[in-house]
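Pasted below: structure_4.txt, compact mmCIF, C-alpha atoms and all ligand atoms.
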```
# COMPACT_ATOMS: atom_id res chain seq x y z
CA MET A 209 0.00 0.00 0.00
CA LYS A 210 1.30 3.37 -0.96
CA ARG A 211 1.84 5.60 2.06
CA LEU A 212 0.61 9.16 1.87
CA PRO A 213 3.46 11.61 1.91
CA ARG A 214 3.78 13.14 5.35
CA ILE A 215 3.55 16.65 4.00
CA SER A 216 -0.06 16.20 2.75
CA ALA A 217 -1.29 14.52 5.95
CA ARG A 218 -0.83 17.66 8.08
CA PRO A 219 -2.99 20.08 6.08
CA GLY A 220 -5.59 17.28 5.87
CA LEU A 221 -5.73 16.99 9.64
CA LEU A 222 -5.84 20.77 10.03
CA ALA A 223 -8.70 21.05 7.55
CA LEU A 224 -10.56 18.33 9.43
CA LEU A 225 -10.10 20.14 12.72
CA LEU A 226 -11.23 23.44 11.20
CA ALA A 227 -14.27 21.78 9.68
CA ALA A 228 -15.14 20.23 13.04
CA TRP A 229 -14.70 23.63 14.74
CA ALA A 230 -17.01 25.33 12.24
CA TRP A 231 -19.53 22.52 12.57
CA LEU A 232 -19.79 22.89 16.33
CA PRO A 233 -22.39 25.33 17.60
CA ALA A 234 -20.73 28.38 19.03
CA SER A 235 -18.64 27.24 21.98
CA ALA A 236 -20.18 27.62 25.43
CA ALA A 237 -18.02 30.64 26.23
CA GLU A 238 -19.40 32.52 23.25
CA VAL A 239 -23.10 32.05 23.98
CA HIS A 240 -24.56 35.15 25.61
CA ARG A 241 -27.68 34.70 27.71
CA LEU A 242 -29.97 37.55 28.65
CA LEU A 243 -33.01 37.55 30.89
CA LEU A 244 -35.97 39.71 29.92
CA ALA A 245 -38.85 40.76 32.21
CA GLU A 246 -42.20 41.75 30.72
CA SER A 247 -44.84 43.84 32.47
CA TRP A 248 -47.52 41.69 30.89
CA PRO A 249 -49.42 38.59 31.99
CA PRO A 250 -48.16 35.26 30.55
CA ASN A 251 -48.79 34.65 26.84
CA TYR A 252 -50.22 38.14 26.54
CA PRO A 253 -51.52 38.78 23.01
CA ILE A 254 -49.59 41.14 20.74
CA PHE A 255 -47.07 42.39 23.34
CA GLY A 256 -46.08 38.94 24.62
CA GLU A 257 -46.21 37.45 21.14
CA ALA A 258 -43.80 40.10 19.85
CA ILE A 259 -41.38 39.27 22.67
CA GLN A 260 -41.55 35.56 21.85
CA ASN A 261 -40.86 36.37 18.21
CA LEU A 262 -37.97 38.61 19.24
CA THR A 263 -36.29 35.89 21.31
CA GLU A 264 -36.67 33.41 18.46
CA SER A 265 -35.41 35.77 15.78
CA VAL A 266 -32.44 36.88 17.89
CA ARG A 267 -31.48 33.22 18.40
CA ARG A 268 -31.66 32.55 14.67
CA MET A 269 -29.94 35.75 13.55
CA SER A 270 -27.08 35.11 15.96
CA GLY A 271 -26.70 31.44 15.04
CA GLY A 272 -27.51 30.53 18.64
CA ARG A 273 -24.96 32.93 20.17
CA LEU A 274 -27.57 35.19 21.78
CA ILE A 275 -30.26 33.50 23.84
CA ILE A 276 -32.91 35.64 25.50
CA THR A 277 -35.23 34.08 28.05
CA SER A 278 -38.39 36.00 28.74
CA HIS A 279 -40.36 36.08 32.00
CA ALA A 280 -43.93 37.33 32.12
CA ARG A 281 -45.35 38.82 35.31
CA ASN A 282 -46.23 35.42 36.81
CA LYS A 283 -42.49 34.68 37.14
CA HIS A 284 -41.19 37.92 38.63
CA LYS A 285 -44.46 39.12 40.24
CA ALA A 286 -43.45 42.77 39.72
CA PRO A 287 -45.13 44.06 36.56
CA LEU A 288 -44.55 47.66 37.65
CA GLY A 289 -41.07 46.95 39.03
CA ILE A 290 -39.23 46.45 35.73
CA PHE A 291 -37.20 49.66 36.09
CA ASP A 292 -35.76 48.54 39.44
CA MET A 293 -35.12 44.96 38.35
CA VAL A 294 -33.26 45.97 35.18
CA LYS A 295 -31.36 48.73 36.97
CA ALA A 296 -30.24 46.24 39.63
CA GLY A 297 -29.18 43.75 36.96
CA GLN A 298 -31.66 41.13 38.19
CA TYR A 299 -32.90 41.27 34.61
CA ASP A 300 -30.89 42.42 31.60
CA ILE A 301 -33.84 43.72 29.59
CA GLY A 302 -37.36 44.86 30.36
CA HIS A 303 -40.41 45.30 28.18
CA SER A 304 -42.72 47.81 29.77
CA ALA A 305 -43.75 51.48 29.47
CA SER A 306 -41.60 54.48 30.34
CA TYR A 307 -44.39 56.43 32.07
CA TYR A 308 -44.74 53.72 34.72
CA TRP A 309 -41.59 55.16 36.34
CA LYS A 310 -42.80 58.73 36.75
CA GLY A 311 -42.99 58.35 40.56
CA LYS A 312 -39.31 57.36 40.62
CA VAL A 313 -37.81 59.49 37.84
CA PRO A 314 -40.38 62.11 36.77
CA ASN A 315 -38.75 62.81 33.40
CA THR A 316 -39.35 59.24 32.22
CA LEU A 317 -43.03 59.99 31.67
CA TYR A 318 -42.53 61.94 28.44
CA PHE A 319 -41.39 58.92 26.43
CA THR A 320 -44.61 56.91 26.24
CA THR A 321 -47.18 59.39 24.99
CA MET A 322 -48.52 62.76 26.06
CA PRO A 323 -52.13 63.95 26.29
CA PHE A 324 -52.93 66.13 23.26
CA GLY A 325 -49.46 65.21 21.99
CA MET A 326 -48.02 63.64 18.89
CA THR A 327 -49.66 60.83 16.94
CA THR A 328 -47.71 57.63 16.36
CA PRO A 329 -46.00 58.55 13.05
CA GLU A 330 -45.23 62.03 14.38
CA GLN A 331 -43.75 60.62 17.58
CA TYR A 332 -41.66 57.97 15.81
CA ALA A 333 -40.27 60.72 13.57
CA TRP A 334 -39.43 62.68 16.73
CA PHE A 335 -37.74 59.70 18.39
CA TYR A 336 -35.57 58.81 15.41
CA HIS A 337 -35.04 62.15 13.64
CA GLY A 338 -36.15 64.89 16.02
CA GLY A 339 -33.85 64.27 18.99
CA GLY A 340 -36.25 62.10 21.05
CA MET A 341 -33.86 59.16 21.44
CA GLU A 342 -31.07 61.43 22.66
CA LEU A 343 -33.32 63.07 25.25
CA MET A 344 -34.66 59.71 26.41
CA ASN A 345 -31.18 58.35 26.90
CA ARG A 346 -30.15 61.42 28.85
CA VAL A 347 -32.96 60.59 31.28
CA TYR A 348 -32.03 56.91 31.60
CA GLN A 349 -28.24 57.10 31.43
CA PRO A 350 -27.72 58.20 35.06
CA HIS A 351 -29.47 54.96 36.07
CA GLY A 352 -27.18 52.77 34.00
CA LEU A 353 -30.00 52.03 31.59
CA LEU A 354 -30.55 52.26 27.86
CA SER A 355 -34.06 52.79 26.57
CA PHE A 356 -35.44 51.97 23.13
CA PRO A 357 -38.92 52.38 21.63
CA GLY A 358 -40.73 49.09 22.28
CA GLY A 359 -43.86 49.13 20.10
CA ASN A 360 -46.74 51.52 19.67
CA THR A 361 -50.42 50.84 20.33
CA GLY A 362 -51.48 53.80 18.19
CA ASN A 363 -54.22 56.10 19.41
CA GLN A 364 -55.85 54.66 22.53
CA MET A 365 -59.48 54.75 23.56
CA GLY A 366 -60.38 57.04 26.45
CA GLY A 367 -61.53 54.13 28.57
CA TRP A 368 -64.47 52.30 30.12
CA PHE A 369 -66.78 54.18 32.46
CA GLN A 370 -69.64 53.05 34.68
CA LYS A 371 -71.31 56.44 34.33
CA GLU A 372 -71.61 58.88 31.47
CA ILE A 373 -69.38 61.96 31.69
CA ASN A 374 -71.58 64.94 30.87
CA GLY A 375 -69.69 67.69 32.63
CA LEU A 376 -66.84 68.55 34.96
CA ASP A 377 -68.82 67.47 38.05
CA ASP A 378 -68.77 63.90 36.80
CA LEU A 379 -65.00 63.88 37.09
CA LYS A 380 -64.94 64.96 40.75
CA GLY A 381 -63.88 62.01 42.89
CA LEU A 382 -63.88 59.66 39.91
CA LYS A 383 -61.54 56.78 40.70
CA MET A 384 -59.85 55.87 37.46
CA ARG A 385 -56.95 53.70 36.44
CA ILE A 386 -55.01 56.00 34.13
CA PRO A 387 -51.20 56.15 34.23
CA GLY A 388 -48.78 58.80 33.01
CA PHE A 389 -49.29 62.52 32.64
CA ALA A 390 -52.98 62.02 31.79
CA GLY A 391 -53.57 60.86 35.36
CA GLU A 392 -52.09 64.09 36.67
CA VAL A 393 -54.24 66.12 34.28
CA LEU A 394 -57.37 64.33 35.53
CA ALA A 395 -56.30 64.87 39.13
CA LYS A 396 -56.26 68.64 38.46
CA LEU A 397 -59.95 68.31 37.62
CA GLY A 398 -60.71 66.47 40.84
CA ALA A 399 -60.48 62.85 39.72
CA LYS A 400 -58.53 60.23 41.65
CA PRO A 401 -56.16 58.55 39.20
CA THR A 402 -54.24 55.38 39.97
CA ASN A 403 -52.11 52.91 38.06
CA ILE A 404 -52.92 49.21 38.17
CA ALA A 405 -51.11 46.49 36.22
CA ALA A 406 -52.94 44.72 33.40
CA GLY A 407 -53.53 41.53 35.37
CA GLU A 408 -55.66 43.20 38.05
CA LEU A 409 -57.68 45.62 35.93
CA TYR A 410 -60.82 43.56 35.46
CA SER A 411 -61.28 42.69 39.12
CA ALA A 412 -60.59 46.30 40.20
CA LEU A 413 -63.37 47.57 37.95
CA GLU A 414 -65.71 44.72 38.79
CA ARG A 415 -65.30 45.16 42.56
CA GLY A 416 -65.73 48.91 42.32
CA THR A 417 -62.19 49.66 43.55
CA ILE A 418 -62.19 51.98 40.56
CA ASP A 419 -65.09 53.61 38.65
CA ALA A 420 -63.36 53.73 35.29
CA LEU A 421 -60.23 52.56 33.57
CA GLU A 422 -58.35 52.94 30.39
CA TRP A 423 -56.18 50.15 29.02
CA VAL A 424 -55.48 50.29 25.30
CA GLY A 425 -58.30 50.00 22.76
CA PRO A 426 -60.31 47.28 21.01
CA SER A 427 -57.06 45.45 20.14
CA LEU A 428 -56.65 44.32 23.76
CA ASP A 429 -59.70 45.62 25.66
CA LEU A 430 -62.14 43.15 24.13
CA ARG A 431 -60.21 40.17 25.42
CA MET A 432 -59.99 41.77 28.86
CA GLY A 433 -63.81 41.72 29.08
CA PHE A 434 -64.32 45.31 30.29
CA HIS A 435 -67.42 45.67 28.08
CA ARG A 436 -69.19 43.16 30.33
CA ILE A 437 -68.89 45.39 33.39
CA ALA A 438 -68.85 49.01 32.12
CA PRO A 439 -71.30 50.31 29.52
CA TYR A 440 -69.59 53.51 28.32
CA TYR A 441 -66.57 53.42 26.00
CA TYR A 442 -64.99 56.84 25.41
CA THR A 443 -62.81 58.00 22.56
CA GLY A 444 -59.30 59.06 23.47
CA TRP A 445 -57.50 62.28 24.28
CA HIS A 446 -54.83 61.08 26.64
CA GLU A 447 -52.65 58.55 24.77
CA PRO A 448 -52.50 59.40 21.07
CA ALA A 449 -49.34 57.31 20.57
CA ALA A 450 -48.59 55.01 23.50
CA GLU A 451 -45.08 53.69 22.97
CA LEU A 452 -43.90 50.67 24.94
CA GLN A 453 -40.30 50.46 26.01
CA PHE A 454 -37.28 48.19 25.98
CA LEU A 455 -35.08 48.95 28.96
CA VAL A 456 -31.59 47.47 28.78
CA ASN A 457 -29.07 47.31 31.61
CA GLN A 458 -26.02 49.13 30.29
CA ARG A 459 -23.53 46.64 31.74
CA SER A 460 -25.41 43.75 30.10
CA TRP A 461 -25.36 45.68 26.83
CA GLU A 462 -21.64 46.41 27.05
CA ARG A 463 -20.84 42.75 27.69
CA LEU A 464 -22.27 41.87 24.27
CA PRO A 465 -19.94 41.86 21.26
CA GLU A 466 -20.74 44.51 18.69
CA ASP A 467 -22.51 42.18 16.27
CA LEU A 468 -24.87 40.89 18.97
CA GLN A 469 -25.60 44.45 20.09
CA GLU A 470 -26.59 45.22 16.52
CA ILE A 471 -28.76 42.09 16.27
CA LEU A 472 -30.52 43.05 19.50
CA ARG A 473 -30.96 46.69 18.41
CA VAL A 474 -32.49 45.66 15.08
CA ALA A 475 -34.66 42.97 16.72
CA MET A 476 -36.07 45.49 19.21
CA ARG A 477 -36.89 47.86 16.37
CA ALA A 478 -38.56 45.04 14.43
CA ALA A 479 -40.57 44.05 17.55
CA ALA A 480 -41.73 47.66 17.94
CA PHE A 481 -42.92 47.71 14.32
CA GLU A 482 -44.60 44.35 14.76
CA ILE A 483 -46.53 45.59 17.81
CA TYR A 484 -47.65 48.73 15.98
CA VAL A 485 -48.91 46.81 12.95
CA HIS A 486 -50.43 43.95 14.95
CA THR A 487 -52.27 46.33 17.28
CA TYR A 488 -53.72 48.24 14.36
CA HIS A 489 -54.93 45.02 12.80
CA ALA A 490 -56.40 43.68 16.06
CA SER A 491 -58.15 47.01 16.70
CA ALA A 492 -59.83 46.92 13.31
CA VAL A 493 -60.91 43.28 13.68
CA ASN A 494 -62.08 43.63 17.29
CA TRP A 495 -63.86 46.91 16.68
CA ALA A 496 -65.98 45.20 14.03
CA THR A 497 -66.67 42.32 16.46
CA MET A 498 -67.62 44.70 19.25
CA LYS A 499 -70.01 46.65 17.05
CA GLN A 500 -71.69 43.46 15.96
CA ASP A 501 -71.67 41.28 19.07
CA TYR A 502 -72.00 43.91 21.79
CA PRO A 503 -74.40 46.55 20.47
CA GLN A 504 -75.10 47.59 24.09
CA ILE A 505 -71.68 49.29 24.32
CA LYS A 506 -72.27 53.03 24.32
CA VAL A 507 -69.47 54.80 22.50
CA ARG A 508 -69.05 58.40 23.64
CA THR A 509 -66.74 61.36 23.19
CA PHE A 510 -66.08 63.69 26.13
CA PRO A 511 -68.13 66.89 25.80
CA PRO A 512 -66.33 70.11 24.74
CA VAL A 513 -66.48 71.56 28.26
CA VAL A 514 -64.53 68.56 29.57
CA MET A 515 -62.09 68.53 26.66
CA ASP A 516 -61.39 72.25 27.10
CA ALA A 517 -60.74 71.81 30.82
CA LEU A 518 -58.46 68.84 30.18
CA ARG A 519 -56.50 70.78 27.55
CA GLU A 520 -56.12 73.74 29.88
CA ALA A 521 -55.04 71.59 32.85
CA ASN A 522 -52.56 69.80 30.57
CA ALA A 523 -51.00 73.07 29.40
CA GLY A 524 -50.79 74.38 32.98
CA LEU A 525 -49.06 71.24 34.23
CA LEU A 526 -46.58 71.31 31.36
CA ARG A 527 -45.69 74.91 32.24
CA GLU A 528 -45.15 73.91 35.90
CA ARG A 529 -42.93 70.99 34.93
CA ALA A 530 -40.89 73.07 32.50
CA ALA A 531 -40.33 75.78 35.11
CA ALA A 532 -39.24 73.28 37.76
CA ASP A 533 -36.65 71.22 35.86
CA PRO A 534 -34.29 72.23 33.03
CA LEU A 535 -34.25 68.79 31.40
CA ALA A 536 -38.05 68.55 31.59
CA ARG A 537 -38.16 71.95 29.92
CA GLU A 538 -35.88 70.76 27.15
CA ILE A 539 -38.01 67.66 26.53
CA ILE A 540 -41.32 69.55 26.64
CA GLU A 541 -40.01 72.23 24.26
CA SER A 542 -38.55 69.63 21.91
CA GLN A 543 -41.87 67.77 21.77
CA ALA A 544 -43.89 70.95 21.28
CA ALA A 545 -41.63 72.23 18.50
CA TYR A 546 -41.64 68.89 16.73
CA LEU A 547 -45.39 68.53 17.10
CA ALA A 548 -45.95 71.92 15.50
CA LYS A 549 -43.72 71.07 12.56
CA ALA A 550 -45.02 67.53 12.03
CA ARG A 551 -48.68 68.41 12.57
CA ALA A 552 -48.66 70.94 9.74
CA TRP A 553 -47.68 68.06 7.47
CA THR A 554 -50.17 65.62 9.07
CA ASP A 555 -52.94 68.15 8.49
CA ILE A 556 -52.21 68.65 4.83
CA SER A 557 -51.57 64.95 4.18
CA ASP A 558 -53.54 62.47 6.34
CA LEU A 559 -56.13 64.87 7.71
CA ALA A 560 -56.88 66.44 4.30
CA TYR A 561 -57.14 62.97 2.80
CA LEU A 562 -59.47 61.68 5.56
CA ASN A 563 -61.64 64.77 5.39
CA SER A 564 -61.98 64.36 1.64
CA GLN A 565 -63.18 60.77 2.18
CA HIS A 566 -66.01 61.84 4.45
CA ARG A 567 -67.57 64.39 2.14
CA CA B 1 -53.39 53.12 28.13
```

Output the file's structure as structure tokens, nothing else.
Amino acid sequence: MKRLPRISARPGLLALLLAAWAWLPASAAEVHRLLLAESWPPNYPIFGEAIQNLTESVRRMSGGRLIITSHARNKHKAPLGIFDMVKAGQYDIGHSASYYWKGKVPNTLYFTTMPFGMTTPEQYAWFYHGGGMELMNRVYQPHGLLSFPGGNTGNQMGGWFQKEINGLDDLKGLKMRIPGFAGEVLAKLGAKPTNIAAGELYSALERGTIDALEWVGPSLDLRMGFHRIAPYYYTGWHEPAAELQFLVNQRSWERLPEDLQEILRVAMRAAAFEIYVHTYHASAVNWATMKQDYPQIKVRTFPPVVMDALREANAGLLRERAAADPLAREIIESQAAYLAKARAWTDISDLAYLNSQHR
């Protein structure tokens, strides 16, 4: 038998070793594992689905080098504690809403949505091209956190009420679940706002702990069953563009190699888009179902006297905030300037188009 020359055996062995190395999944040391906490109940439609899709797509895009495990509220039991858990490093990422942290860091509230503020396309343009991301990260950076837009619900409904709101007296003492700046605006008019996590909303309204609540809109409200216990469904004023949030612990982020950071960044942006589109679709489908199957729902719009008072209280509170804190002032002025610029375009594009359809 002819022996192979020694010189050709070595590259053969090397090639074999290299092939085996490439064939192996990324070695254990190279797999990065991140833990994500959601504010939502387990298997929550739209929001939870987008997170499941994100974990799967990150795994595939990274060839198994980035594995994200997601915990819904039943695991961590702190749906409104995401900020603290991600800041402490107990979780690497959170999926929640920035305005939930207003009691802790007041300037976080501007990055979800503002009453009488920007619509979803306007606000996304502000985040990505109008300085919104930079301002948001200035608020979160001192806490060792990065914040990214986490999906928009679009314009939200004004909520479910046990009693009709005919005037300002009907708001006095009204106990309503309504987070963010809108809650503070309502408080100015004598209401008693509170924030309650999604999982406890139905029982709070059913037991009369609260008289009214807002959650999202037909996309998610129908499944929550609020229409069975409150007859009035109001159109919105308070959350024209509710943006969810990805919070990332900065140390966890910095531990990731650059390519995995980029995969995560792009996956979060894709999840945000997915939530926006999915919510719009679910709203359209569920609105049709509600109109057909639950004709007893009374859809209302707040009367002009209430809207005027809300608008005035909102403007007054914004002035107070701007006077009290330089960074708040910068954010409020940035949003107002961008709104003015973008709205002129919205009016001559979408609004003009919609008006022409209704003639
Ligand atoms: Ca809401």

Within 7 Å of ligand CA 1 (chain B), counting only C-alpha atoms and all ligand atoms, which protein or nucleic acid residues do you find, written as a PyMOL selection string? chain A and resi 364+386+422-424+447+450

Dump C-alpha atoms for the selected residues as a CSV table (one decimal), in the frame of the given file?
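Final file, out.csv:
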```csv
chain,number,residue,atom,x,y,z
A,364,GLN,CA,-55.8,54.7,22.5
A,386,ILE,CA,-55.0,56.0,34.1
A,422,GLU,CA,-58.4,52.9,30.4
A,423,TRP,CA,-56.2,50.2,29.0
A,424,VAL,CA,-55.5,50.3,25.3
A,447,GLU,CA,-52.6,58.6,24.8
A,450,ALA,CA,-48.6,55.0,23.5
```

May I ask which of the residues A:Gly311, A:Arg551, A:Met365, A:Pro350 is the closest one to Thr402 of chain A, counting only C-alpha atoms?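 Closest to Thr402 of chain A of all the choices is A:Gly311.
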
Residues within 6 Å of (-44.0, 44.8, 34.9), file coordinates, counting all atoms listed in the file: what are they? Give the list as a PyMOL selection string. chain A and resi 246-247+286-290

Can you work out which one of A:Gln500, A:Ser427, A:Thr316, A:Ser411 has the shortest atom-to-atom distance to Asn363 of chain A, counting only C-alpha atoms? A:Ser427

Segment 433-462 of chain A residues near segment 471-477 of chain A within 12 Å, closest pair each, using only C-alpha atoms, as JSON lines:
```
{"residue": "A:Leu452", "atom": "CA", "partner": "A:Met476", "partner_atom": "CA", "distance": 11.0}
{"residue": "A:Gln453", "atom": "CA", "partner": "A:Met476", "partner_atom": "CA", "distance": 9.4}
{"residue": "A:Phe454", "atom": "CA", "partner": "A:Met476", "partner_atom": "CA", "distance": 7.4}
{"residue": "A:Leu455", "atom": "CA", "partner": "A:Met476", "partner_atom": "CA", "distance": 10.4}
{"residue": "A:Val456", "atom": "CA", "partner": "A:Leu472", "partner_atom": "CA", "distance": 10.3}
{"residue": "A:Ser460", "atom": "CA", "partner": "A:Leu472", "partner_atom": "CA", "distance": 11.8}
{"residue": "A:Trp461", "atom": "CA", "partner": "A:Leu472", "partner_atom": "CA", "distance": 9.3}
```

Return as lines of an AutoDock Vina configuration file the box centre and box size in Å, one decimal, for an axis-aligned box around all listed atoms of segment 261-272 of chain A padded by 3 Å per side.
```
center_x = -33.8
center_y = 34.6
center_z = 17.4
size_x = 20.2
size_y = 14.1
size_z = 13.8
```

Give me, please, the distance in Å between atom CA of Thr487 of chain A and atom CA of Gly362 of chain A, quoted to one decimal.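 Calculated distance between atom CA of Thr487 of chain A and atom CA of Gly362 of chain A is 7.6 Å.
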
If we count all atoms listed in the file and set the cut-off at 9 Å, which residues sit around segment 318-332 of chain A, ignoring sequence neighbours fewer than 5 positions away in its own chain? Please answer as an NGL selection string. :A and (305-307 or 310 or 337-338 or 340 or 344 or 357 or 360-363 or 388-390 or 393 or 445-453 or 484 or 518-519 or 522 or 536 or 539-540 or 543-544 or 546-547 or 550-551 or 554)

Taking into account only C-alpha atoms, which residue in the set A:Ala523, A:Ala478, A:Ile505, A:Ile373 is nearest to Gly433 of chain A? A:Ile505

Please measure the separation of atom CA of Leu397 of chain A and atom CA of Glu414 of chain A, giving the value in Å to one decimal.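 According to the coordinates, atom CA of Leu397 of chain A and atom CA of Glu414 of chain A are separated by 24.3 Å.
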
Nearest to Ile254 of chain A among A:Ile418, A:Ala548, A:Met515, A:Ala479, with distances taken over all atoms listed in the file: which residue is it?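 Closest to Ile254 of chain A, using all atoms listed in the file: A:Ala479.
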
From the list A:Pro439, A:Gly272, A:Gly381, A:Pro387, which residue is nearest Trp368 of chain A when using all atoms listed in the file?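 Nearest to Trp368 of chain A: A:Pro439.
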
If you count all atoms listed in the file, which residues fall within 9 Å of Leu525 of chain A, apart from same-chain ones fewer than 3 positions away, as a list in words?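 Here the answer would be Phe389, Glu392, Val393, Lys396, Glu520, Ala521, Asn522, Glu528, Arg529 and Ala530 of chain A.
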
Atom CA of Gly359 of chain A and atom CA of Glu342 of chain A, how far apart in Å?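 Interatomic distance here is 17.9 Å.
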
Between A:Pro314, A:Gly297, A:Gly352, A:Gly302, which has the minimum distance to Ala532 of chain A (counting only C-alpha atoms)?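 For Ala532 of chain A, the nearest of the given residues is A:Pro314.
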
As a PyMOL selection string, please: the residues near segment 441-443 of chain A (cut-off 6 Å, only C-alpha atoms, same-chain neighbours under 6 positions excluded). chain A and resi 365-368+506-509

Residues as selected, C-alpha atoms, written as a PDB file, in the frame of the given file, can you do that?
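Just written: out-v3.pdb:
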```
ATOM      1  CA  MET A 365     -59.480  54.750  23.560  1.00  0.00           C
ATOM      2  CA  GLY A 366     -60.380  57.040  26.450  1.00  0.00           C
ATOM      3  CA  GLY A 367     -61.530  54.130  28.570  1.00  0.00           C
ATOM      4  CA  TRP A 368     -64.470  52.300  30.120  1.00  0.00           C
ATOM      5  CA  LYS A 506     -72.270  53.030  24.320  1.00  0.00           C
ATOM      6  CA  VAL A 507     -69.470  54.800  22.500  1.00  0.00           C
ATOM      7  CA  ARG A 508     -69.050  58.400  23.640  1.00  0.00           C
ATOM      8  CA  THR A 509     -66.740  61.360  23.190  1.00  0.00           C
TER       9      THR A 509
END
```

Near-segment 378-380 of chain A list (9 Å; all atoms listed in the file; drop same-chain fewer than 6 positions) as a short mmCIF file (atom, residue, chain, number, x, y, z; two decimals) with C-alpha atoms, in the coordinates of the input:
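Saved to out-v7.cif:
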```
data_model
loop_
_atom_site.label_atom_id
_atom_site.label_comp_id
_atom_site.auth_asym_id
_atom_site.auth_seq_id
_atom_site.Cartn_x
_atom_site.Cartn_y
_atom_site.Cartn_z
CA LYS A 371 -71.31 56.44 34.33
CA GLU A 372 -71.61 58.88 31.47
CA LEU A 394 -57.37 64.33 35.53
CA ALA A 395 -56.30 64.87 39.13
CA LEU A 397 -59.95 68.31 37.62
CA GLY A 398 -60.71 66.47 40.84
CA ALA A 399 -60.48 62.85 39.72
CA LYS A 400 -58.53 60.23 41.65
CA VAL A 514 -64.53 68.56 29.57
#
```

For a cut-off of 12 Å around (-67.6, 43.1, 32.7), file coordinates, pick out all residues using only C-alpha atoms and list them as an MDAnalysis selection string. chainID A and resid 368:370 409:416 420 429:440 502 505

As an mmCIF file, in the frame of the given file, could you write out segment 249-261 of chain A once it has been completed with N, CA, C and O atoms?
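Below you can see selection10.cif, which holds the result:
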```
data_model
loop_
_atom_site.group_PDB
_atom_site.id
_atom_site.type_symbol
_atom_site.label_atom_id
_atom_site.label_comp_id
_atom_site.auth_asym_id
_atom_site.auth_seq_id
_atom_site.Cartn_x
_atom_site.Cartn_y
_atom_site.Cartn_z
ATOM 1 N N PRO A 249 -49.078 39.948 31.550
ATOM 2 C CA PRO A 249 -49.420 38.590 31.990
ATOM 3 C C PRO A 249 -48.847 37.554 31.007
ATOM 4 O O PRO A 249 -48.486 37.899 29.877
ATOM 5 N N PRO A 250 -48.764 36.278 31.436
ATOM 6 C CA PRO A 250 -48.160 35.260 30.550
ATOM 7 C C PRO A 250 -48.936 35.109 29.246
ATOM 8 O O PRO A 250 -50.163 35.244 29.223
ATOM 9 N N ASN A 251 -48.217 34.846 28.181
ATOM 10 C CA ASN A 251 -48.790 34.650 26.840
ATOM 11 C C ASN A 251 -49.720 35.791 26.443
ATOM 12 O O ASN A 251 -50.758 35.566 25.835
ATOM 13 N N TYR A 252 -49.347 37.006 26.830
ATOM 14 C CA TYR A 252 -50.220 38.140 26.540
ATOM 15 C C TYR A 252 -50.241 38.409 25.033
ATOM 16 O O TYR A 252 -49.186 38.426 24.390
ATOM 17 N N PRO A 253 -51.459 38.576 24.466
ATOM 18 C CA PRO A 253 -51.520 38.780 23.010
ATOM 19 C C PRO A 253 -50.755 40.044 22.584
ATOM 20 O O PRO A 253 -50.638 40.990 23.354
ATOM 21 N N ILE A 254 -50.297 40.051 21.409
ATOM 22 C CA ILE A 254 -49.590 41.140 20.740
ATOM 23 C C ILE A 254 -48.266 41.479 21.432
ATOM 24 O O ILE A 254 -47.198 41.244 20.858
ATOM 25 N N PHE A 255 -48.315 42.001 22.666
ATOM 26 C CA PHE A 255 -47.070 42.390 23.340
ATOM 27 C C PHE A 255 -46.209 41.147 23.626
ATOM 28 O O PHE A 255 -45.023 41.108 23.291
ATOM 29 N N GLY A 256 -46.820 40.163 24.271
ATOM 30 C CA GLY A 256 -46.080 38.940 24.620
ATOM 31 C C GLY A 256 -45.658 38.161 23.380
ATOM 32 O O GLY A 256 -44.562 37.602 23.335
ATOM 33 N N GLU A 257 -46.540 38.154 22.388
ATOM 34 C CA GLU A 257 -46.210 37.450 21.140
ATOM 35 C C GLU A 257 -44.986 38.091 20.477
ATOM 36 O O GLU A 257 -44.110 37.389 19.950
ATOM 37 N N ALA A 258 -44.942 39.414 20.469
ATOM 38 C CA ALA A 258 -43.800 40.100 19.850
ATOM 39 C C ALA A 258 -42.505 39.762 20.573
ATOM 40 O O ALA A 258 -41.448 39.626 19.946
ATOM 41 N N ILE A 259 -42.585 39.618 21.905
ATOM 42 C CA ILE A 259 -41.380 39.270 22.670
ATOM 43 C C ILE A 259 -40.947 37.842 22.346
ATOM 44 O O ILE A 259 -39.746 37.554 22.198
ATOM 45 N N GLN A 260 -41.906 36.932 22.231
ATOM 46 C CA GLN A 260 -41.550 35.560 21.850
ATOM 47 C C GLN A 260 -40.886 35.542 20.475
ATOM 48 O O GLN A 260 -39.894 34.850 20.253
ATOM 49 N N ASN A 261 -41.444 36.303 19.553
ATOM 50 C CA ASN A 261 -40.860 36.370 18.210
ATOM 51 C C ASN A 261 -39.452 36.982 18.253
ATOM 52 O O ASN A 261 -38.564 36.558 17.512
#
```
